[in-house]
Structures are given as structure tokens and as C-alpha cells.
Amino acid sequence: MNLIIDVGNSFIKLALFGANKLIDFRSEKINEWETALENFIEGQHVKKIIFSTVSIDSDILHAKLLLIAPVLKMSTHLKFPINIKYKSIETLGTDRLCGTIGALGIWGKTNTLVIDCGTCITYNFLEGGTDFIGGSISPGIELRYKALHSFTKNLPYIEKKVNKPELLGTDTNSSIESGVLNGVLFEMDGAIEHYKLKFGLINVILTGGNHTYFANNLKNTTFAHPNLVLIGLNDILEFNT
């Protein structure tokens with residue numbers, strides 16, 4: 001079994017892969033990561049591990065994992081099944097890279113736009129299924145709600161809604177919901193249309209914590225896959241071992 005670990009800003013995602021197939025998956029809060037890890041691997045025969053982290057100290061996590069099996073830390077210095085043509089590779093978020101490699105493993109060598117709908121919304125383009133050439137980064141839903149509340153005196157902080165709001169807000173809360181949620185939808189649909197104009201036929205794949213909401217409300221046809229980054233991490237582990 002391969003143990004795959006993706007540590008984000010709020011949650012740790014744990015996955016077990018066997019024969020390149022996802023066998024088990026769990027997502028837990030960061031502050032419970034040690035207990036979550038121990039419970040997840042109990043009774044499992046883990047042969048090798050890869051991890052990516054943006055919040056937990058990598059040295060502490062690495063030392064913990066070495067007690068289980070050989071460990072690979074995700075970084076842009078590893079070998080990859082694609083060419084990276086990003087100009088500042090040292091600043092490239094590894095989650096962006098993992099998502100595109102996960103998409104390659106599922107959809108093959110096609111023009112692919114991976115949109116990761118998490119804390120930030122990242123657009124990541126794989127040209128011809130072989131060249132990662134870049135994309136864009138914008139604030140996610142929660143960041144937009146928090147920014148409106150934090151940088152103004154009178155606007156409230158509101159929780160995001162799961163349903164698409166009306167275009168026309170009739171009070172402050174519904175106006176914020178329309179501005180944030182419809183604004184992100186307009187942004188995504190516009191971005192997809194511009195990618196199509198520039199590159200022709202493309203596959204568009206949504207992933208990340210809010211991917212379901214966008215998949216259900218975008219005008220453009222998209223695919224959705226919640227575990228694309230984990231699949232990419234597993235593919236990278238196999239490619240390097």
C-alpha cells in the first residue's frame with residue numbers, strides 16, 4: 001500500500017492506494033493529525049509514503065512517517081511525467097502540480113485546465129498533456145467573504161450558501177452573496193471561455209473543497225474529481241520509486 005498525505009491550511013487528507021487505485025480516504029482537522037494518522041494506518045501494510053504540507057512542520061511530520069515506511073517529501077525537485085515550463089518553479093505550489101499530474105493519469109495527453117476550488121482558486125493548464133505552462137491564482141469563496149468584512153467598517157461576515165444566489169441582491173447579505181458567489185462563477189466561466197479561444201478543445205476538471213458547488217452552477221461543461229491532488233501525489237510517488 002502507498003500512503004498519501006496532503007496537508008492543507010485546515011485539513012489533513014490521508015489516502016491509501018493499491019495497484020494505483022484509491023482504496024481508502026479520510027479528511028481530518030489539522031489539530032488532530034497525529035491521532036488521525038495512527039487510526040488510519042492501523043492494521044495496514046504501508047510500503048512507501050509521500051507527503052505534501054503547507055501547515056504542519058515538514059521535519060516533524062517526516063520524522064513521524066519514517067517510523068512507518070520510506071518517505072518521499074513532495075517538492076519541485078522530484079522527477080515528473082510532465083515538463084514544467086513555469087518560469088519561477090521554486091514558487092510553484094506543489095498542489096497545483098499534483099492536480100495536473102492527477103488529471104494526466106485519468107484523462108491522458110490532452111489540453112487540460114484543472115481548477116482547484118480551495119482557500120484559493122487556482123487555474124492550472126497542461127498543454128497537450130505534456131507541458132505545465134502556468135495559470136492563475138485568485139481568492140476563494142471564504143477569502144472573499146473575510147476580506148469584505150475585515151477591510152470595511154460595516155459589512156458583515158456571512159457564511160457561504162450552497163445554493164446559487166439571485167443576481168440582484170435585495171439586502172446587504174444577499175448583495176454580498178451575489179457579489180461573491182456569482183462573481184466567482186462569472187470569473188470561472190470567463191476564464192474557461194478564454195482558454196478555449198486560445199487553445200481550442202480542452203478538458204476542464206474541477207477539484208478542491210468547493211468543487212461540487214461550481215460543478216453544479218457553471219455554464220461550461222466540466223468534469224469533477226474530489227481527490228485529484230491525492231491521485232497526482234500517488235503518481236509522483238510511483239514515478240520516483
# chains A, B, ... in the order shown; residues from 1 in each chain; ligands from 1
>>> residues_around(residues="region 39-54 of chain A", least_positions_apart="6", cutoff="10 Å", atoms="only C-alpha atoms", output="PyMOL selection string")
chain A and resi 1-10+12-18+24-26+33+61-62+65-66+68-75+93-95+98+229-230+233-234+236-238+241
>>> select_by_dssp(residues="region 109-200 of chain A", states="helix (DSSP H, G or I)", output="PyMOL selection string")
chain A and resi 141-150+172-199
>>> write_last_selection(atoms="N, CA and C atoms", output="compact mmCIF listing (two decimals), in the first residue's frame")
# COMPACT_ATOMS: atom_id res chain seq x y z
N ILE A 141 -13.79 31.46 -2.07
CA ILE A 141 -15.03 31.99 -1.52
C ILE A 141 -14.83 32.58 -0.12
N GLU A 142 -14.24 31.79 0.78
CA GLU A 142 -14.10 32.25 2.16
C GLU A 142 -13.20 33.48 2.26
N LEU A 143 -12.14 33.51 1.48
CA LEU A 143 -11.26 34.67 1.50
C LEU A 143 -12.00 35.94 1.07
N ARG A 144 -12.89 35.81 0.11
CA ARG A 144 -13.64 36.98 -0.36
C ARG A 144 -14.62 37.46 0.71
N TYR A 145 -15.30 36.53 1.36
CA TYR A 145 -16.20 36.92 2.45
C TYR A 145 -15.42 37.61 3.58
N LYS A 146 -14.29 37.03 3.95
CA LYS A 146 -13.50 37.58 5.05
C LYS A 146 -12.91 38.95 4.69
N ALA A 147 -12.47 39.11 3.45
CA ALA A 147 -11.91 40.38 3.03
C ALA A 147 -12.95 41.49 3.08
N LEU A 148 -14.17 41.22 2.64
CA LEU A 148 -15.23 42.23 2.68
C LEU A 148 -15.52 42.66 4.11
N HIS A 149 -15.49 41.70 5.02
CA HIS A 149 -15.76 42.01 6.43
C HIS A 149 -14.57 42.71 7.10
N SER A 150 -13.36 42.23 6.82
CA SER A 150 -12.17 42.71 7.53
C SER A 150 -11.72 44.10 7.07
N THR A 172 -28.24 43.71 2.31
CA THR A 172 -26.77 43.66 2.34
C THR A 172 -26.25 42.23 2.25
N ASN A 173 -26.85 41.33 3.02
CA ASN A 173 -26.36 39.94 2.99
C ASN A 173 -26.51 39.31 1.62
N SER A 174 -27.67 39.46 1.01
CA SER A 174 -27.88 38.84 -0.30
C SER A 174 -27.05 39.53 -1.38
N SER A 175 -26.75 40.81 -1.18
CA SER A 175 -25.87 41.50 -2.13
C SER A 175 -24.45 40.97 -2.04
N ILE A 176 -23.99 40.69 -0.81
CA ILE A 176 -22.66 40.10 -0.65
C ILE A 176 -22.62 38.71 -1.26
N GLU A 177 -23.65 37.92 -1.00
CA GLU A 177 -23.71 36.56 -1.57
C GLU A 177 -23.68 36.61 -3.08
N SER A 178 -24.44 37.53 -3.66
CA SER A 178 -24.46 37.64 -5.12
C SER A 178 -23.09 38.07 -5.64
N GLY A 179 -22.49 39.05 -4.96
CA GLY A 179 -21.19 39.54 -5.42
C GLY A 179 -20.11 38.49 -5.33
N VAL A 180 -20.10 37.72 -4.24
CA VAL A 180 -19.05 36.71 -4.05
C VAL A 180 -19.30 35.48 -4.91
N LEU A 181 -20.44 34.85 -4.74
CA LEU A 181 -20.69 33.57 -5.42
C LEU A 181 -20.88 33.74 -6.92
N ASN A 182 -21.74 34.70 -7.32
CA ASN A 182 -21.90 34.92 -8.76
C ASN A 182 -20.62 35.47 -9.37
N GLY A 183 -19.89 36.29 -8.59
CA GLY A 183 -18.63 36.83 -9.09
C GLY A 183 -17.63 35.74 -9.42
N VAL A 184 -17.54 34.72 -8.55
CA VAL A 184 -16.62 33.61 -8.81
C VAL A 184 -17.09 32.79 -10.00
N LEU A 185 -18.38 32.57 -10.10
CA LEU A 185 -18.92 31.81 -11.24
C LEU A 185 -18.64 32.54 -12.56
N PHE A 186 -18.87 33.87 -12.57
CA PHE A 186 -18.58 34.65 -13.78
C PHE A 186 -17.09 34.57 -14.12
N GLU A 187 -16.26 34.65 -13.09
CA GLU A 187 -14.81 34.57 -13.30
C GLU A 187 -14.43 33.24 -13.93
N MET A 188 -14.95 32.15 -13.38
CA MET A 188 -14.59 30.82 -13.87
C MET A 188 -15.08 30.61 -15.30
N ASP A 189 -16.35 30.95 -15.54
CA ASP A 189 -16.88 30.76 -16.89
C ASP A 189 -16.11 31.61 -17.89
N GLY A 190 -15.77 32.84 -17.49
CA GLY A 190 -14.99 33.70 -18.38
C GLY A 190 -13.61 33.14 -18.64
N ALA A 191 -12.96 32.63 -17.60
CA ALA A 191 -11.63 32.05 -17.77
C ALA A 191 -11.67 30.85 -18.70
N ILE A 192 -12.66 29.98 -18.50
CA ILE A 192 -12.78 28.79 -19.34
C ILE A 192 -12.97 29.18 -20.81
N GLU A 193 -13.82 30.18 -21.05
CA GLU A 193 -14.06 30.63 -22.42
C GLU A 193 -12.78 31.17 -23.06
N HIS A 194 -11.98 31.92 -22.30
CA HIS A 194 -10.73 32.45 -22.85
C HIS A 194 -9.70 31.35 -23.12
N TYR A 195 -9.67 30.33 -22.25
CA TYR A 195 -8.78 29.20 -22.52
C TYR A 195 -9.20 28.48 -23.79
N LYS A 196 -10.50 28.34 -24.01
CA LYS A 196 -10.99 27.68 -25.22
C LYS A 196 -10.60 28.49 -26.46
N LEU A 197 -10.72 29.81 -26.38
CA LEU A 197 -10.36 30.66 -27.51
C LEU A 197 -8.87 30.55 -27.83
N LYS A 198 -8.06 30.42 -26.80
CA LYS A 198 -6.61 30.40 -27.00
C LYS A 198 -6.10 29.03 -27.41
N PHE A 199 -6.69 27.95 -26.82
CA PHE A 199 -6.12 26.61 -27.01
C PHE A 199 -7.04 25.64 -27.74
>>> atom_distance(atom1="CA of Asp235 (chain A)", atom2="CA of Thr112 (chain A)")
17.1 Å
